[in-house]
>>> print(open('work16.cif').read())   # mmCIF, C-alpha atoms
data_upload
loop_
_atom_site.label_atom_id
_atom_site.label_comp_id
_atom_site.auth_asym_id
_atom_site.auth_seq_id
_atom_site.Cartn_x
_atom_site.Cartn_y
_atom_site.Cartn_z
CA MET T 16 33.05 5.63 -2.81
CA SER T 17 31.94 8.34 -0.43
CA THR T 18 28.70 9.74 0.81
CA SER T 19 27.32 12.29 3.21
CA THR T 20 27.97 11.73 6.91
CA GLU T 21 24.29 12.34 7.56
CA GLN T 22 23.56 8.91 6.13
CA PHE T 23 25.44 7.25 8.95
CA ALA T 24 23.50 8.97 11.72
CA ASP T 25 21.93 6.69 14.28
CA VAL T 26 18.34 6.33 13.09
CA SER T 27 17.54 3.12 14.92
CA ALA T 28 15.17 4.92 17.28
CA THR T 29 13.32 6.86 14.55
CA THR T 30 9.93 5.92 13.15
CA LEU T 31 9.37 4.41 9.71
CA LEU T 32 7.18 6.03 7.07
CA ARG T 33 6.12 4.11 3.98
CA PHE T 34 4.96 6.42 1.22
CA ALA T 35 4.15 6.24 -2.48
CA THR T 36 4.26 8.81 -5.25
CA ALA T 37 1.71 8.93 -8.04
CA GLY T 38 0.75 11.26 -10.85
CA SER T 39 0.16 11.51 -14.56
CA VAL T 40 2.83 11.13 -17.21
CA ASP T 41 5.35 14.00 -17.16
CA ASP T 42 4.02 15.44 -13.93
CA GLY T 43 7.53 15.04 -12.51
CA LYS T 44 7.28 12.15 -10.05
CA SER T 45 10.73 10.73 -10.69
CA THR T 46 12.24 14.22 -10.70
CA LEU T 47 10.61 14.92 -7.33
CA VAL T 48 11.96 11.68 -5.88
CA GLY T 49 15.41 12.38 -7.32
CA ARG T 50 15.36 15.91 -5.91
CA LEU T 51 14.22 14.59 -2.53
CA LEU T 52 17.07 12.07 -2.43
CA HIS T 53 19.65 14.52 -3.75
CA ASP T 54 18.81 17.50 -1.55
CA SER T 55 18.48 15.34 1.57
CA LYS T 56 21.99 14.02 0.85
CA SER T 57 20.75 10.46 0.42
CA VAL T 58 22.54 9.77 -2.87
CA LEU T 59 25.87 7.97 -3.06
CA THR T 60 28.61 9.81 -4.92
CA ASP T 61 29.02 7.13 -7.57
CA GLN T 62 25.26 7.13 -8.22
CA LEU T 63 25.27 10.88 -8.75
CA GLU T 64 28.32 10.65 -11.01
CA ALA T 65 26.57 8.02 -13.13
CA VAL T 66 23.51 10.24 -13.49
CA GLU T 67 25.71 13.19 -14.44
CA ARG T 68 27.45 11.12 -17.14
CA VAL T 69 24.18 9.93 -18.68
CA SER T 70 22.69 13.43 -18.52
CA ALA T 71 25.80 14.93 -20.19
CA SER T 72 25.67 12.32 -22.94
CA ARG T 73 22.16 13.52 -23.73
CA GLY T 74 23.27 17.12 -23.92
CA ALA T 75 21.69 18.22 -20.64
CA ASP T 76 23.20 21.15 -18.78
CA ALA T 77 22.35 19.75 -15.35
CA PRO T 78 21.92 16.23 -13.93
CA ASP T 79 18.55 14.66 -14.72
CA LEU T 80 17.57 13.58 -11.20
CA ALA T 81 14.72 11.43 -12.56
CA LEU T 82 17.39 8.91 -13.59
CA LEU T 83 17.96 8.11 -9.91
CA THR T 84 14.68 6.16 -9.89
CA ASP T 85 13.99 5.31 -13.53
CA GLY T 86 16.27 2.28 -13.63
CA LEU T 87 14.75 0.24 -16.48
CA ARG T 88 16.23 0.78 -19.94
CA ALA T 89 12.77 1.35 -21.40
CA GLU T 90 12.05 3.94 -18.70
CA ARG T 91 15.18 5.92 -19.53
CA GLU T 92 14.61 5.67 -23.27
CA GLN T 93 10.98 6.82 -23.07
CA GLY T 94 11.38 9.20 -20.13
CA ILE T 95 8.53 7.59 -18.21
CA THR T 96 8.16 5.35 -15.17
CA ILE T 97 6.94 1.83 -15.99
CA ASP T 98 7.54 -0.29 -12.91
CA VAL T 99 7.38 0.54 -9.21
CA ALA T 100 10.79 1.74 -8.01
CA TYR T 101 11.50 1.32 -4.31
CA ARG T 102 14.00 3.52 -2.54
CA TYR T 103 15.16 3.46 1.07
CA PHE T 104 16.59 6.52 2.82
CA ALA T 105 16.71 8.17 6.21
CA THR T 106 17.09 11.53 7.86
CA ALA T 107 17.89 12.29 11.48
CA ARG T 108 14.15 12.38 12.22
CA ARG T 109 12.70 9.39 10.34
CA ARG T 110 13.36 6.39 8.11
CA PHE T 111 11.57 6.08 4.76
CA ILE T 112 10.52 3.40 2.29
CA LEU T 113 9.48 5.14 -0.91
CA ALA T 114 7.56 3.59 -3.81
CA ASP T 115 7.75 5.62 -7.02
CA THR T 116 4.73 4.37 -8.99
CA PRO T 117 4.01 4.83 -12.72
CA GLY T 118 1.76 7.59 -13.98
CA HIS T 119 0.53 6.31 -17.34
CA VAL T 120 -3.06 5.04 -17.35
CA GLN T 121 -1.99 1.56 -18.44
CA TYR T 122 0.18 1.26 -15.32
CA THR T 123 -2.41 2.42 -12.79
CA ARG T 124 -2.49 -1.14 -11.46
CA ASN T 125 1.15 -0.70 -10.44
CA MET T 126 0.03 2.03 -8.07
CA VAL T 127 -2.03 -0.59 -6.23
CA THR T 128 1.21 -2.46 -5.57
CA GLY T 129 3.07 0.61 -4.39
CA ALA T 130 0.30 2.11 -2.27
CA SER T 131 -1.04 -1.07 -0.67
CA THR T 132 1.36 -0.76 2.28
CA ALA T 133 1.70 3.03 2.26
CA ASP T 134 1.04 5.32 5.21
CA LEU T 135 1.02 8.31 2.88
CA ALA T 136 0.56 8.97 -0.83
CA VAL T 137 2.07 11.93 -2.69
CA VAL T 138 -0.13 12.76 -5.70
CA LEU T 139 1.57 15.07 -8.19
CA VAL T 140 -0.27 17.51 -10.44
CA ASP T 141 1.21 19.59 -13.24
CA ALA T 142 0.30 23.18 -12.38
CA ARG T 143 -0.33 23.87 -16.06
CA ASN T 144 -2.87 21.04 -16.45
CA GLY T 145 -4.57 20.94 -13.05
CA VAL T 146 -6.66 17.99 -11.87
CA ILE T 147 -7.22 15.53 -14.71
CA GLU T 148 -8.84 12.07 -14.93
CA GLN T 149 -5.64 10.25 -13.96
CA THR T 150 -5.34 12.48 -10.89
CA ARG T 151 -8.82 11.43 -9.87
CA ARG T 152 -7.94 7.80 -10.50
CA HIS T 153 -4.93 8.05 -8.20
CA ALA T 154 -7.01 9.75 -5.52
CA ALA T 155 -9.63 7.00 -5.82
CA VAL T 156 -7.01 4.25 -5.50
CA ALA T 157 -5.52 5.95 -2.43
CA ALA T 158 -8.99 6.18 -0.89
CA LEU T 159 -9.84 2.56 -1.71
CA LEU T 160 -6.58 1.38 -0.16
CA ARG T 161 -7.36 3.45 2.95
CA VAL T 162 -4.11 5.40 2.76
CA PRO T 163 -4.53 7.68 5.79
CA HIS T 164 -2.53 10.69 4.54
CA VAL T 165 -2.47 12.24 1.05
CA VAL T 166 -0.17 15.04 -0.10
CA LEU T 167 -1.13 17.03 -3.18
CA ALA T 168 2.13 18.25 -4.69
CA VAL T 169 1.35 20.92 -7.28
CA ASN T 170 4.49 20.68 -9.40
CA LYS T 171 6.08 22.90 -12.05
CA MET T 172 5.03 26.08 -10.31
CA ASP T 173 8.01 27.74 -12.04
CA LEU T 174 6.17 27.29 -15.34
CA VAL T 175 3.15 29.28 -14.13
CA ALA T 176 5.22 32.12 -12.67
CA TYR T 177 4.69 30.81 -9.12
CA GLU T 178 1.15 32.21 -9.10
CA GLU T 179 -0.75 31.61 -5.87
CA ARG T 180 -4.09 31.67 -7.69
CA VAL T 181 -3.15 28.65 -9.83
CA PHE T 182 -2.14 26.65 -6.77
CA ALA T 183 -5.23 27.63 -4.79
CA GLU T 184 -7.64 26.59 -7.56
CA ILE T 185 -6.00 23.19 -8.01
CA ALA T 186 -5.82 22.57 -4.26
CA GLU T 187 -9.48 23.46 -3.80
CA GLU T 188 -10.65 21.17 -6.63
CA PHE T 189 -8.55 18.20 -5.52
CA THR T 190 -9.43 18.58 -1.83
CA ALA T 191 -13.15 18.63 -2.63
CA TYR T 192 -12.85 15.51 -4.79
CA ALA T 193 -10.67 13.54 -2.37
CA GLY T 194 -12.89 14.59 0.50
CA GLU T 195 -15.90 13.04 -1.25
CA LEU T 196 -13.92 9.79 -1.45
CA GLY T 197 -13.35 9.84 2.31
CA VAL T 198 -9.63 10.62 2.35
CA PRO T 199 -9.13 11.62 6.00
CA GLU T 200 -6.23 14.07 5.60
CA ILE T 201 -5.08 16.10 2.60
CA THR T 202 -2.10 18.47 2.56
CA ALA T 203 -1.41 20.65 -0.49
CA ILE T 204 2.14 21.89 -1.21
CA PRO T 205 3.25 24.04 -4.19
CA ILE T 206 6.61 22.84 -5.55
CA SER T 207 9.05 22.87 -8.42
CA ALA T 208 10.86 19.52 -8.40
CA LEU T 209 13.23 20.65 -11.14
CA ALA T 210 14.29 23.82 -9.32
CA GLY T 211 13.97 22.38 -5.81
CA ASP T 212 11.31 24.81 -4.57
CA ASN T 213 9.62 23.53 -1.38
CA VAL T 214 10.96 19.99 -1.79
CA VAL T 215 13.63 20.00 0.93
CA GLU T 216 14.27 23.73 1.31
CA PRO T 217 11.60 26.48 1.47
CA SER T 218 11.09 28.40 -1.77
CA ALA T 219 12.19 32.00 -2.08
CA ASN T 220 9.83 32.32 -5.05
CA MET T 221 6.61 31.58 -3.15
CA ASP T 222 6.63 33.81 -0.07
CA TRP T 223 2.82 33.58 -0.05
CA TYR T 224 3.08 29.92 1.05
CA GLY T 225 3.70 29.38 4.75
CA GLY T 226 3.30 25.61 5.03
CA PRO T 227 5.88 22.82 5.27
CA THR T 228 8.17 21.58 2.54
CA VAL T 229 7.62 18.07 1.23
CA LEU T 230 10.43 16.61 3.35
CA GLU T 231 9.35 18.52 6.46
CA HIS T 232 5.84 17.12 6.12
CA LEU T 233 7.15 13.60 5.54
CA GLU T 234 9.29 13.90 8.66
CA THR T 235 6.49 15.15 10.91
CA VAL T 236 3.25 13.54 9.69
CA PRO T 237 1.90 11.28 12.46
CA VAL T 238 1.98 7.57 11.67
CA SER T 239 1.06 4.59 13.80
CA HIS T 240 2.06 0.98 13.23
CA ASP T 241 0.68 -0.14 16.57
CA LEU T 242 -1.44 -3.14 15.65
CA THR T 243 -1.35 -4.69 19.09
CA SER T 244 -4.76 -3.24 19.96
CA CYS T 245 -6.38 -4.43 16.71
CA HIS T 246 -8.33 -7.65 16.17
CA ALA T 247 -5.86 -10.49 16.85
CA ARG T 248 -5.34 -12.68 13.79
CA LEU T 249 -2.88 -15.52 13.11
CA PRO T 250 -3.04 -17.08 9.61
CA VAL T 251 -1.52 -20.55 9.90
CA GLN T 252 1.39 -21.05 7.52
CA TYR T 253 2.70 -24.42 8.64
CA VAL T 254 1.95 -27.19 11.12
CA ILE T 255 5.09 -28.31 12.97
CA ARG T 256 5.21 -32.01 13.95
CA PRO T 257 8.83 -33.06 14.67
CA GLN T 258 7.84 -36.55 15.97
CA THR T 259 11.31 -37.00 17.44
CA ALA T 260 12.42 -38.67 20.64
CA GLU T 261 12.89 -35.23 22.16
CA HIS T 262 9.51 -33.92 20.97
CA PRO T 263 7.29 -36.97 20.41
CA ASP T 264 3.95 -35.17 20.85
CA TYR T 265 4.83 -31.63 19.75
CA ARG T 266 2.18 -30.05 17.54
CA GLY T 267 2.66 -26.36 16.81
CA TYR T 268 0.88 -23.96 14.48
CA ALA T 269 3.32 -21.52 12.93
CA GLY T 270 2.65 -18.21 11.24
CA GLN T 271 3.15 -14.46 11.34
CA ILE T 272 0.70 -12.55 13.49
CA ALA T 273 -1.26 -10.31 11.12
CA ALA T 274 -2.63 -8.08 13.88
CA GLY T 275 -3.21 -7.96 17.60
CA THR T 276 -1.75 -9.87 20.55
CA PHE T 277 -1.90 -13.49 21.71
CA ARG T 278 -1.32 -14.67 25.29
CA VAL T 279 -0.82 -18.01 26.98
CA GLY T 280 -4.07 -19.13 28.62
CA GLU T 281 -6.25 -17.27 26.10
CA SER T 282 -9.23 -19.04 24.52
CA VAL T 283 -9.04 -19.11 20.74
CA THR T 284 -11.21 -20.19 17.84
CA VAL T 285 -9.95 -21.82 14.64
CA LEU T 286 -11.69 -20.69 11.47
CA PRO T 287 -13.40 -21.73 9.31
CA SER T 288 -14.10 -24.89 11.38
CA GLY T 289 -15.17 -22.95 14.47
CA ARG T 290 -13.40 -25.35 16.86
CA THR T 291 -12.18 -23.79 20.10
CA SER T 292 -9.22 -24.44 22.38
CA LYS T 293 -6.83 -22.66 24.71
CA ILE T 294 -3.25 -21.46 24.15
CA THR T 295 -0.89 -23.53 26.29
CA GLY T 296 2.37 -22.17 24.89
CA ILE T 297 3.93 -19.68 22.49
CA ASP T 298 7.33 -20.31 20.91
CA LEU T 299 9.21 -17.29 19.57
CA LEU T 300 12.68 -17.67 18.03
CA GLY T 301 13.17 -20.98 19.81
CA LYS T 302 12.13 -19.66 23.23
CA ALA T 303 8.88 -19.94 25.17
CA VAL T 304 7.12 -16.62 25.83
CA ASP T 305 3.88 -15.66 27.56
CA VAL T 306 2.75 -13.05 25.03
CA ALA T 307 3.38 -12.27 21.34
CA TRP T 308 2.21 -9.51 19.06
CA THR T 309 2.23 -8.42 15.43
CA PRO T 310 4.32 -8.73 13.29
CA GLN T 311 6.17 -11.47 15.15
CA SER T 312 6.43 -14.95 13.62
CA ILE T 313 5.47 -17.50 16.26
CA THR T 314 4.35 -21.05 16.90
CA LEU T 315 1.18 -21.55 18.96
CA LEU T 316 0.63 -24.65 21.09
CA LEU T 317 -2.99 -25.52 21.90
CA GLU T 318 -4.60 -27.52 24.66
CA ASP T 319 -6.57 -29.75 22.29
CA ASP T 320 -5.58 -31.76 19.23
CA ILE T 321 -7.56 -30.01 16.52
CA ASP T 322 -7.43 -30.62 12.78
CA ILE T 323 -5.66 -27.42 11.74
CA SER T 324 -3.81 -26.88 8.46
CA ARG T 325 -2.26 -24.12 6.37
CA GLY T 326 -4.82 -21.45 5.56
CA ASP T 327 -6.78 -21.71 8.80
CA LEU T 328 -7.13 -18.56 10.91
CA ILE T 329 -6.63 -18.54 14.68
CA VAL T 330 -8.47 -15.73 16.48
CA PRO T 331 -9.58 -14.89 20.04
CA SER T 332 -12.87 -16.66 20.82
CA GLY T 333 -14.53 -13.38 21.74
CA ASP T 334 -13.46 -11.57 18.58
CA THR T 335 -14.20 -13.68 15.52
CA PRO T 336 -14.70 -12.22 12.03
CA PRO T 337 -17.73 -13.32 10.00
CA THR T 338 -17.27 -16.52 7.99
CA SER T 339 -19.01 -16.84 4.64
CA GLN T 340 -18.81 -18.30 1.15
CA ASP T 341 -20.35 -15.16 -0.35
CA ILE T 342 -17.99 -12.19 -0.55
CA GLU T 343 -18.78 -8.69 -1.79
CA ALA T 344 -15.82 -6.41 -2.33
CA THR T 345 -14.25 -3.64 -4.35
CA VAL T 346 -11.50 -4.76 -6.71
CA CYS T 347 -8.82 -3.09 -8.78
CA HIS T 348 -8.44 -5.15 -11.95
CA VAL T 349 -4.74 -5.55 -12.72
CA ALA T 350 -4.60 -8.13 -15.53
CA ASP T 351 -4.56 -7.53 -19.29
CA THR T 352 -7.35 -10.09 -19.74
CA PRO T 353 -10.82 -9.07 -18.53
CA LEU T 354 -12.67 -10.38 -15.48
CA ASN T 355 -16.07 -11.72 -16.53
CA VAL T 356 -19.26 -12.74 -14.75
CA GLY T 357 -19.28 -16.52 -14.38
CA GLN T 358 -15.49 -16.78 -14.51
CA ARG T 359 -13.85 -19.42 -12.33
CA VAL T 360 -10.94 -18.08 -10.28
CA LEU T 361 -8.79 -18.81 -7.26
CA LEU T 362 -9.17 -16.50 -4.27
CA LYS T 363 -6.09 -16.06 -2.07
CA HIS T 364 -6.69 -14.62 1.39
CA THR T 365 -3.69 -14.50 3.75
CA THR T 366 -2.31 -18.08 3.62
CA ARG T 367 -5.52 -19.67 2.30
CA THR T 368 -6.33 -20.25 -1.38
CA VAL T 369 -9.77 -21.53 -2.43
CA LYS T 370 -11.69 -22.04 -5.65
CA ALA T 371 -14.29 -19.39 -6.44
CA ILE T 372 -16.61 -18.13 -9.14
CA VAL T 373 -17.46 -14.52 -10.03
CA LYS T 374 -21.23 -14.46 -9.53
CA GLU T 375 -21.86 -10.80 -10.27
CA ILE T 376 -20.17 -7.53 -11.15
CA PRO T 377 -22.73 -5.02 -9.84
CA SER T 378 -20.95 -1.84 -10.89
CA ARG T 379 -17.86 -0.14 -12.25
CA LEU T 380 -16.68 3.16 -10.82
CA THR T 381 -16.73 6.16 -13.15
CA LEU T 382 -13.99 8.48 -11.97
CA ASP T 383 -15.19 11.71 -13.58
CA ASP T 384 -18.16 12.09 -11.25
CA LEU T 385 -17.78 9.09 -8.88
CA SER T 386 -20.92 7.54 -10.37
CA GLN T 387 -21.40 3.78 -10.62
CA HIS T 388 -21.88 2.21 -14.05
CA PRO T 389 -24.38 -0.59 -13.29
CA GLU T 390 -23.89 -4.19 -14.41
CA PRO T 391 -20.89 -3.71 -16.70
CA GLY T 392 -20.61 -7.47 -17.17
CA ARG T 393 -16.84 -7.44 -16.95
CA LEU T 394 -13.85 -5.44 -15.75
CA VAL T 395 -10.77 -4.68 -17.86
CA ALA T 396 -7.25 -3.58 -16.94
CA ASN T 397 -7.20 -0.68 -14.47
CA ASP T 398 -10.97 -0.78 -13.86
CA ILE T 399 -12.24 -0.34 -10.31
CA GLY T 400 -15.50 -2.10 -9.58
CA ARG T 401 -17.66 -4.07 -7.18
CA VAL T 402 -17.78 -7.86 -7.41
CA LYS T 403 -19.71 -10.66 -5.73
CA VAL T 404 -17.78 -13.90 -5.43
CA ARG T 405 -18.91 -17.34 -4.27
CA THR T 406 -16.14 -19.48 -2.78
CA ALA T 407 -16.01 -23.27 -2.63
CA GLU T 408 -15.11 -23.12 1.08
CA PRO T 409 -15.99 -20.63 3.82
CA LEU T 410 -13.58 -17.76 4.41
CA ALA T 411 -13.12 -15.50 7.44
CA LEU T 412 -12.57 -11.97 6.15
CA ASP T 413 -12.42 -8.78 8.15
CA SER T 414 -13.65 -5.59 6.59
CA TYR T 415 -10.80 -3.83 4.79
CA ALA T 416 -11.67 -0.73 6.81
CA ASP T 417 -10.81 -2.67 9.98
CA SER T 418 -7.69 -4.39 8.67
CA ARG T 419 -5.86 -3.70 5.45
CA ARG T 420 -4.13 -7.08 5.82
CA THR T 421 -6.89 -9.55 6.69
CA GLY T 422 -9.51 -7.61 4.72
CA SER T 423 -7.65 -7.91 1.40
CA PHE T 424 -7.40 -10.74 -1.10
CA LEU T 425 -6.32 -11.62 -4.63
CA LEU T 426 -8.27 -13.13 -7.51
CA ILE T 427 -6.02 -15.44 -9.52
CA ASP T 428 -6.35 -17.18 -12.89
CA PRO T 429 -6.26 -20.92 -12.09
CA ALA T 430 -4.87 -21.73 -15.53
CA ASP T 431 -1.56 -19.89 -15.28
CA GLY T 432 -1.43 -18.25 -11.83
CA THR T 433 -1.81 -14.70 -13.19
CA THR T 434 -3.11 -12.17 -10.67
CA LEU T 435 -6.40 -10.84 -12.02
CA ALA T 436 -7.57 -8.41 -9.35
CA ALA T 437 -6.73 -7.06 -5.90
CA GLY T 438 -9.77 -7.04 -3.66
CA MET T 439 -10.85 -5.14 -0.57
CA ALA T 440 -13.73 -6.62 1.43
CA GLY T 441 -16.57 -4.45 2.66
CA GLU T 442 -17.55 -0.93 1.71
CA ALA T 443 -15.61 0.79 -1.04
CA PHE T 444 -14.92 4.18 0.51
CA ALA T 445 -14.79 5.50 4.06
CA THR T 446 -18.12 6.39 5.63
CA ALA T 447 -18.77 9.57 7.57
CA ALA T 448 -18.40 7.65 10.84
CA GLU T 449 -15.03 6.30 9.77
CA GLU T 450 -13.86 9.79 8.84
CA ALA T 451 -14.79 11.05 12.29
CA ALA T 452 -12.99 8.17 14.01
CA PRO T 453 -10.57 6.52 11.58
CA ALA T 454 -9.34 3.01 12.34
CA VAL T 455 -5.74 2.52 13.44
CA ASP T 456 -3.69 2.17 10.25
CA ASP T 457 -1.58 -0.90 9.70
CA GLU T 458 1.17 -1.81 7.34
CA GLY T 459 -1.25 -3.43 4.95
CA TRP T 460 -0.65 -6.35 2.67
CA ASP T 461 1.66 -6.13 -0.30
CA PHE T 462 -0.47 -6.97 -3.31
#
>>> encode(input="work16.cif", output="structure tokens")
Amino acid sequence: MSTSTEQFADVSATTLLRFATAGSVDDGKSTLVGRLLHDSKSVLTDQLEAVERVSASRGADAPDLALLTDGLRAEREQGITIDVAYRYFATARRRFILADTPGHVQYTRNMVTGASTADLAVVLVDARNGVIEQTRRHAAVAALLRVPHVVLAVNKMDLVAYEERVFAEIAEEFTAYAGELGVPEITAIPISALAGDNVVEPSANMDWYGGPTVLEHLETVPVSHDLTSCHARLPVQYVIRPQTAEHPDYRGYAGQIAAGTFRVGESVTVLPSGRTSKITGIDLLGKAVDVAWTPQSITLLLEDDIDISRGDLIVPSGDTPPTSQDIEATVCHVADTPLNVGQRVLLKHTTRTVKAIVKEIPSRLTLDDLSQHPEPGRLVANDIGRVKVRTAEPLALDSYADSRRTGSFLLIDPADGTTLAAGMAGEAFATAAEEAAPAVDDEGWDF
């Protein structure tokens, strides 16, 4: 088995970009991903040979690069993407985690999974069809999930004779729509994934376009995973009490720092109880340290013996999120069964799971004109709507605009554990103030 030497370049010092692809059925998402992997020499020889064999058995003249990501048998048989396919690759300039998400309307919920941790979303549009309802849906999901960068890839330009006018009209319509949703940055690129135009190499067929190729943009788009300056949050996963001769009185609170920095000597508050104490020690990988930051997994030692358990949130005393039993949020409904007013659910937020009831569904988003359908009474699969939930116990939620990790939650069916909806606390879309000064992006929470 052999591969390109570029794959073995030292990329330890390069940055990481998480990105997701989305688009309607047959817009060419999997072909784009396959072309990106192939032309950047990120495909192993045996993988390419397997694709060539399958393509030849189907009578194709050239390898079907979509097969590099469509791994399920049903996907290959139907020629569509059904599940989220993750791919990992690197160039000399950056490392990538790619989520190829489905395009069919019934799999829109899968895009929530793929885009929830993304720094960038690539939305594909068939140049022959332009912006359609599913394109708007994908733009809305990207905006709701606060994905900071969106690329509009106008694909199949070879089928419209590489006309600049077609590209310009689609780019203008999509940019206007996504801008209304509060997407902070939109980059439009005309491509042909099948022919390779503007994917990795510049196109000789579109000399009127002077912007970057898809790979060039992915390699250079600014991303920041610096969460050390964000609101410090430590969801408690486990309370460590060895009660051994060596550690008779040890009581540590273990968890992964969701955001921010903790220091020895700092005053902290435990939520939802509101009890306060001071950090007397931080254990990291078996060693005592004076400071720890996200995303390190640590154990905090406190000055006082406080009743703390899994699900509690430790935060700096001067920077506490609001605590409430009444939560209003935007949700993407992901289950086949509907979500109804009055339904009893479980709400999972970080490491805490509490009983809750859906008190109200004020509106459902209509994607055609971004209007709100008032009081729909329930949400069905792939619906995006506002909900008001009453929890049995108080919860400390940040706004999703401030933290994609501690501002998100799941609604779960208590009967069988099925995930019903993925929720984002606070306002649905970015406000004008947020657009002017966007919050530092984080790695999000994998729904």
>>> closest_residue(input="work16.cif", among="T:Leu410, T:Val251, T:Leu196, T:Asp173", to="Lys363 (chain T)", atoms="all atoms listed in the file")
T:Leu410
>>> residues_around(input="work16.cif", residues="Leu328 (chain T)", least_positions_apart="3", cutoff="10 Å", atoms="all atoms listed in the file", output="PDB file with C-alpha atoms, in the coordinates of the input")
ATOM      1  CA  ARG T 248      -5.340 -12.680  13.790  1.00  0.00           C
ATOM      2  CA  LEU T 249      -2.880 -15.520  13.110  1.00  0.00           C
ATOM      3  CA  PRO T 250      -3.040 -17.080   9.610  1.00  0.00           C
ATOM      4  CA  VAL T 251      -1.520 -20.550   9.900  1.00  0.00           C
ATOM      5  CA  GLN T 252       1.390 -21.050   7.520  1.00  0.00           C
ATOM      6  CA  GLY T 270       2.650 -18.210  11.240  1.00  0.00           C
ATOM      7  CA  THR T 284     -11.210 -20.190  17.840  1.00  0.00           C
ATOM      8  CA  VAL T 285      -9.950 -21.820  14.640  1.00  0.00           C
ATOM      9  CA  LEU T 286     -11.690 -20.690  11.470  1.00  0.00           C
ATOM     10  CA  PRO T 287     -13.400 -21.730   9.310  1.00  0.00           C
ATOM     11  CA  SER T 288     -14.100 -24.890  11.380  1.00  0.00           C
ATOM     12  CA  GLY T 289     -15.170 -22.950  14.470  1.00  0.00           C
ATOM     13  CA  ILE T 323      -5.660 -27.420  11.740  1.00  0.00           C
ATOM     14  CA  SER T 324      -3.810 -26.880   8.460  1.00  0.00           C
ATOM     15  CA  ARG T 325      -2.260 -24.120   6.370  1.00  0.00           C
ATOM     16  CA  THR T 335     -14.200 -13.680  15.520  1.00  0.00           C
ATOM     17  CA  PRO T 336     -14.700 -12.220  12.030  1.00  0.00           C
ATOM     18  CA  THR T 365      -3.690 -14.500   3.750  1.00  0.00           C
ATOM     19  CA  THR T 366      -2.310 -18.080   3.620  1.00  0.00           C
ATOM     20  CA  ARG T 367      -5.520 -19.670   2.300  1.00  0.00           C
ATOM     21  CA  LEU T 410     -13.580 -17.760   4.410  1.00  0.00           C
ATOM     22  CA  ALA T 411     -13.120 -15.500   7.440  1.00  0.00           C
ATOM     23  CA  LEU T 412     -12.570 -11.970   6.150  1.00  0.00           C
ATOM     24  CA  THR T 421      -6.890  -9.550   6.690  1.00  0.00           C
TER      25      THR T 421
END
>>> residues_around(input="work16.cif", residues="Ser386 (chain T)", least_positions_apart="4", cutoff="12 Å", atoms="all atoms listed in the file", output="list of chain:residue names")
T:Glu195, T:Leu196, T:Ser378, T:Arg379, T:Leu380, T:Thr381, T:Leu382, T:Ile399, T:Gly400
>>> resolve_selection(input="work16.cif", expression="the PyMOL selection byres ((chain T and resi 226) around 10)", output="JSON, numbers by chain")
{"T": [202, 203, 204, 205, 213, 217, 223, 224, 225, 227, 228, 229, 231, 232]}
>>> resolve_selection(input="work16.cif", expression="the PyMOL selection byres ((chain T and resi 407) around 10)", output="ChimeraX atom specification")
/T:340-341,361-362,369-372,404-406,408-410
>>> resolve_selection(input="work16.cif", expression="the PyMOL selection byres ((chain T and resi 35) around 6)", output="PyMOL selection string")
chain T and resi 34+36+113-115+130+136
>>> atom_distance(input="work16.cif", atom1="CA of Ala443 (chain T)", atom2="CA of Val140 (chain T)")
24.6 Å
>>> residues_near_point(input="work16.cif", point="(0.0, 0.3, 1.2)", cutoff="12 Å", atoms="only C-alpha atoms", output="PyMOL selection string")
chain T and resi 32-36+112-114+116+125-136+156-164+418-420+423+456-462
>>> residues_around(input="work16.cif", residues="Thr352 (chain T)", least_positions_apart="5", cutoff="12 Å", atoms="all atoms listed in the file", output="ChimeraX atom specification")
/T:358,393-398,427-428,433-436
>>> atom_distance(input="work16.cif", atom1="CA of Glu200 (chain T)", atom2="CA of Val402 (chain T)")
28.0 Å
>>> closest_residue(input="work16.cif", among="T:Asp141, T:Asp54, T:Glu281, T:Glu234", to="Gly38 (chain T)", atoms="all atoms listed in the file")
T:Asp141
>>> residues_near_point(input="work16.cif", point="(-8.2, -6.8, 17.1)", cutoff="10 Å", atoms="only C-alpha atoms", output="PyMOL selection string")
chain T and resi 242-248+273-276+330-331+334-336+417-418
>>> residues_around(input="work16.cif", residues="region 253-259 of chain T", least_positions_apart="3", cutoff="7 Å", atoms="only C-alpha atoms", output="PyMOL selection string")
chain T and resi 262-270+324-325
>>> atom_distance(input="work16.cif", atom1="CA of Lys374 (chain T)", atom2="CA of Arg151 (chain T)")
28.7 Å
>>> closest_residue(input="work16.cif", among="T:Val349, T:Leu299, T:Val48, T:Ile272", to="Ala168 (chain T)", atoms="only C-alpha atoms")
T:Val48
>>> closest_residue(input="work16.cif", among="T:Glu184, T:Val236, T:Gln149, T:Ser45", to="Ile201 (chain T)", atoms="all atoms listed in the file")
T:Val236
